[in-house]
Amino acid sequence: MSHTMKRAILVLLALSFITSVTLFTFTHRGASNVHAKGVSPNVVPLSDYFGSNNDQFYALEAPHGFLRWSYQYQQGGNTWSPALVVVGKIYFEVANSSSTAVEALSNLDGSVKWSFPFPTGTFGANGIAVANGFIYFAVNSNGSAGSIYALNAKTGSIAWIFTATTSDQSFGNPIVVNGVVYAAEHSSSGGIPQMYALDGSLGSVNWSHEIPVAAGTNLASANGVIYFGGSSALYAISAVDGSSMWSSPVDNGPVSTPTIGTGIIYYASAANFLTAVNATDGSLTWHQPVHKPFAVNVSPALYLGGVYIGSMDLNMYAFKASTGVPIWKHKVGLAITTTAEIKNGIIHVGLINGTLRTLNVSNGILRWFYHTNGTITTSSPPAEG
């Protein structure tokens, strides 16, 4: 499934169910810089960082749900990528109908460190990667060749650009492993898709290799293997040279990024199953049915031997990661539309009506919830400085 299609589905999802909000949402309490109760202004507590389509980006004190600060986008828009926090800065991709940018904010007070606007007429792929002092992301357009950009994380200046060879080629979100940038390319004219491995510092090509199908999900990698979902299978390819290792058939394909555990790969399928396969050969380990679809951006979350996922069937599920045996099922009353993020025994998850709900990881019971008048389309793990 293309990233453009995913954006369209998310927009339709919002219009179909609500008039104001979807996904991770929180109430903006009318202040641009409000510190959590009992927290020093110079100390960064564990926080949720997220953007909204009401032109705002928020920092929420995670343990109790207090608003720390908010930032208004200079050009307006919605945050399509998870926010990544590295060495006191928050990085994310923001887009509106006519422009896209990567932003860097202070995680202390939301002040702008730098902003990098995409070239006119281009758009991103809903994600960024941060490693070794660089920010990596895809820049595509409908009329010219796609590119992978690397920015200096401190200044936002361009470090290098790698561009596809023909105008019909575009890139998905890159990932970075041990200083190597991996990016899947596909052709709008039906050409054979490629996987590229680029030097993270220079942008030079380490290797490129044909892959069986265009990647329909983001990439995931561990132990020298890259995993991604296609239209009808989960694929594993070598991170050393791009050669195919195995494929595991999936009815209608995975709907989101695979999650890598200890010797097991987990994914949500379009056929409404949570599935676990052996990481070595793709053979089935277990699968569990869910009675309604998963939202297109929802991946399984792993935490202390459990796997957690929410569905459009109004339930949050917890299974034993090794066997798939159910641990608990908790009805939250509304469709769950983001990947669960889990920290310190607390699940953070977004609902279709615009509520961020936090649950006990042990039993799914509500801890607290929070609202806003906007939309966030991805979840980010709670982070400290």
# chains A, B, ... in the order shown; residues from 1 in each chain; ligands from 1
>>> residues_around(residues="range 346-352 of chain A", least_positions_apart="2", cutoff="7 Å", atoms="only C-alpha atoms", output="number ranges by chain")
A: 22-25, 334-344, 354-361
>>> write_last_selection(atoms="N, CA and C atoms", output="mmCIF file, in the first residue's frame")
data_model
loop_
_atom_site.group_PDB
_atom_site.id
_atom_site.type_symbol
_atom_site.label_atom_id
_atom_site.label_comp_id
_atom_site.auth_asym_id
_atom_site.auth_seq_id
_atom_site.Cartn_x
_atom_site.Cartn_y
_atom_site.Cartn_z
ATOM 1 N N THR A 22 -9.092 12.434 15.265
ATOM 2 C CA THR A 22 -8.798 11.016 15.231
ATOM 3 C C THR A 22 -7.416 10.798 15.786
ATOM 4 N N LEU A 23 -7.148 9.556 16.138
ATOM 5 C CA LEU A 23 -5.836 9.120 16.554
ATOM 6 C C LEU A 23 -5.393 9.800 17.840
ATOM 7 N N PHE A 24 -4.088 9.832 18.138
ATOM 8 C CA PHE A 24 -3.624 10.431 19.384
ATOM 9 C C PHE A 24 -4.065 11.873 19.441
ATOM 10 N N THR A 25 -4.898 12.239 20.374
ATOM 11 C CA THR A 25 -5.336 13.625 20.463
ATOM 12 C C THR A 25 -5.402 14.064 21.905
ATOM 13 N N LEU A 334 -14.163 2.364 21.722
ATOM 14 C CA LEU A 334 -13.969 3.085 20.467
ATOM 15 C C LEU A 334 -12.849 2.420 19.683
ATOM 16 N N ALA A 335 -12.847 2.635 18.376
ATOM 17 C CA ALA A 335 -11.814 2.049 17.530
ATOM 18 C C ALA A 335 -10.442 2.593 17.908
ATOM 19 N N ILE A 336 -9.454 1.704 17.934
ATOM 20 C CA ILE A 336 -8.073 2.067 18.258
ATOM 21 C C ILE A 336 -7.316 2.275 16.957
ATOM 22 N N THR A 337 -6.676 3.421 16.837
ATOM 23 C CA THR A 337 -6.158 3.830 15.533
ATOM 24 C C THR A 337 -4.671 4.159 15.522
ATOM 25 N N THR A 338 -3.939 3.835 16.590
ATOM 26 C CA THR A 338 -2.490 4.011 16.591
ATOM 27 C C THR A 338 -1.822 2.789 17.204
ATOM 28 N N THR A 339 -0.562 2.620 16.883
ATOM 29 C CA THR A 339 0.253 1.621 17.559
ATOM 30 C C THR A 339 0.352 1.966 19.039
ATOM 31 N N ALA A 340 0.249 0.955 19.883
ATOM 32 C CA ALA A 340 0.441 1.181 21.317
ATOM 33 C C ALA A 340 1.904 1.501 21.593
ATOM 34 N N GLU A 341 2.132 2.505 22.416
ATOM 35 C CA GLU A 341 3.476 2.804 22.906
ATOM 36 C C GLU A 341 3.481 2.531 24.403
ATOM 37 N N ILE A 342 4.480 1.792 24.872
ATOM 38 C CA ILE A 342 4.465 1.298 26.247
ATOM 39 C C ILE A 342 5.740 1.730 26.960
ATOM 40 N N LYS A 343 5.576 2.318 28.113
ATOM 41 C CA LYS A 343 6.702 2.786 28.920
ATOM 42 C C LYS A 343 6.331 2.664 30.388
ATOM 43 N N ASN A 344 7.225 2.071 31.178
ATOM 44 C CA ASN A 344 7.034 1.976 32.631
ATOM 45 C C ASN A 344 5.695 1.346 33.003
ATOM 46 N N GLY A 354 -10.532 10.805 19.075
ATOM 47 C CA GLY A 354 -9.582 11.830 19.450
ATOM 48 C C GLY A 354 -9.145 11.792 20.888
ATOM 49 N N THR A 355 -9.200 10.649 21.512
ATOM 50 C CA THR A 355 -8.764 10.500 22.897
ATOM 51 C C THR A 355 -7.441 9.751 22.948
ATOM 52 N N LEU A 356 -6.507 10.278 23.714
ATOM 53 C CA LEU A 356 -5.351 9.479 24.121
ATOM 54 C C LEU A 356 -5.731 8.772 25.407
ATOM 55 N N ARG A 357 -5.656 7.463 25.390
ATOM 56 C CA ARG A 357 -5.997 6.703 26.582
ATOM 57 C C ARG A 357 -4.761 5.968 27.064
ATOM 58 N N THR A 358 -4.534 5.995 28.358
ATOM 59 C CA THR A 358 -3.449 5.222 28.944
ATOM 60 C C THR A 358 -4.042 4.103 29.783
ATOM 61 N N LEU A 359 -3.443 2.919 29.655
ATOM 62 C CA LEU A 359 -3.953 1.706 30.281
ATOM 63 C C LEU A 359 -2.838 1.017 31.053
ATOM 64 N N ASN A 360 -3.200 0.285 32.088
ATOM 65 C CA ASN A 360 -2.238 -0.575 32.770
ATOM 66 C C ASN A 360 -1.857 -1.727 31.854
ATOM 67 N N VAL A 361 -0.566 -1.978 31.699
ATOM 68 C CA VAL A 361 -0.140 -3.058 30.822
ATOM 69 C C VAL A 361 -0.523 -4.421 31.395
#
>>> residues_around(residues="range 142-149 of chain A", least_positions_apart="4", cutoff="7 Å", atoms="only C-alpha atoms", output="PDB file with C-alpha atoms, in the first residue's frame")
ATOM      1  CA  TYR A 136      17.327  10.838   6.910  1.00  0.00           C
ATOM      2  CA  PHE A 137      14.067  10.979   4.955  1.00  0.00           C
ATOM      3  CA  ALA A 138      12.543  10.452   1.510  1.00  0.00           C
ATOM      4  CA  TRP A 160      24.004  14.769   0.970  1.00  0.00           C
ATOM      5  CA  ILE A 161      21.220  13.809  -1.449  1.00  0.00           C
ATOM      6  CA  PHE A 162      20.862  10.502  -3.292  1.00  0.00           C
ATOM      7  CA  THR A 163      18.462  10.628  -6.251  1.00  0.00           C
ATOM      8  CA  ALA A 164      16.855   7.773  -8.186  1.00  0.00           C
ATOM      9  CA  THR A 165      17.852   7.311 -11.812  1.00  0.00           C
ATOM     10  CA  THR A 166      14.487   7.843 -13.536  1.00  0.00           C
ATOM     11  CA  SER A 167      11.515  10.140 -13.010  1.00  0.00           C
ATOM     12  CA  ASP A 168       9.080   7.290 -12.302  1.00  0.00           C
ATOM     13  CA  GLN A 169      10.994   6.089  -9.231  1.00  0.00           C
ATOM     14  CA  SER A 170      10.176   7.029  -5.636  1.00  0.00           C
ATOM     15  CA  PHE A 171      11.406   5.964  -2.203  1.00  0.00           C
TER      16      PHE A 171
END
>>> closest_residue(among="A:Gly110, A:Phe118, A:Ala184, A:Gly77", to="Ala59 in chain A", atoms="only C-alpha atoms")
A:Gly110
>>> closest_residue(among="A:Thr262, A:Ser98, A:Pro300, A:Tyr196", to="Leu274 in chain A", atoms="only C-alpha atoms")
A:Pro300
>>> residues_around(residues="Ile90 in chain A", least_positions_apart="5", cutoff="10 Å", atoms="only C-alpha atoms", output="list of chain:residue names")
A:Tyr49, A:Phe50, A:Ala83, A:Leu84, A:Val85, A:Glu103, A:Ala104, A:Leu105, A:Ser106, A:Asn107, A:Leu108, A:Gly110, A:Val112, A:Lys113, A:Ala383, A:Gly385
>>> atom_distance(atom1="CA of Val94 in chain A", atom2="CA of Asn78 in chain A")
5.4 Å
>>> closest_residue(among="A:Asn297, A:Thr259, A:Thr285, A:Thr372", to="Asn353 in chain A", atoms="only C-alpha atoms")
A:Thr372
>>> closest_residue(among="A:Gly282, A:Gly190, A:Gly216, A:Gly324", to="Pro254 in chain A", atoms="only C-alpha atoms")
A:Gly216
>>> atom_distance(atom1="CA of Asp109 in chain A", atom2="CA of Gly124 in chain A")
26.4 Å
>>> select_by_dssp(residues="range 193-291 of chain A", states="strand (DSSP E)", output="PyMOL selection string")
chain A and resi 194-199+205-210+220-222+225-229+233-238+244-249+259-260+264-268+273-278+284-289
>>> residues_around(residues="Lys320 in chain A", least_positions_apart="5", cutoff="10 Å", atoms="only C-alpha atoms", output="ChimeraX atom specification")
/A:302-308,325-328
>>> atom_distance(atom1="CA of Gly230 in chain A", atom2="CA of Val180 in chain A")
22.6 Å
>>> residues_around(residues="Val102 in chain A", least_positions_apart="3", cutoff="9 Å", atoms="only C-alpha atoms", output="number ranges by chain")
A: 91-95, 114-118, 128, 137, 156
>>> write_last_selection(atoms="C-alpha atoms", output="short mmCIF file (atom, residue, chain, number, x, y, z; two decimals), in the first residue's frame")
data_model
loop_
_atom_site.label_atom_id
_atom_site.label_comp_id
_atom_site.auth_asym_id
_atom_site.auth_seq_id
_atom_site.Cartn_x
_atom_site.Cartn_y
_atom_site.Cartn_z
CA TYR A 91 12.50 15.84 15.02
CA PHE A 92 9.41 15.21 12.89
CA GLU A 93 7.93 15.68 9.42
CA VAL A 94 4.99 18.06 9.01
CA ALA A 95 2.91 18.57 5.85
CA TRP A 114 15.63 24.76 12.69
CA SER A 115 13.13 24.00 9.92
CA PHE A 116 13.94 22.41 6.56
CA PRO A 117 11.32 23.01 3.83
CA PHE A 118 11.05 20.42 1.08
CA ILE A 128 12.25 10.06 9.30
CA PHE A 137 14.07 10.98 4.95
CA GLY A 156 19.42 21.27 9.44
#
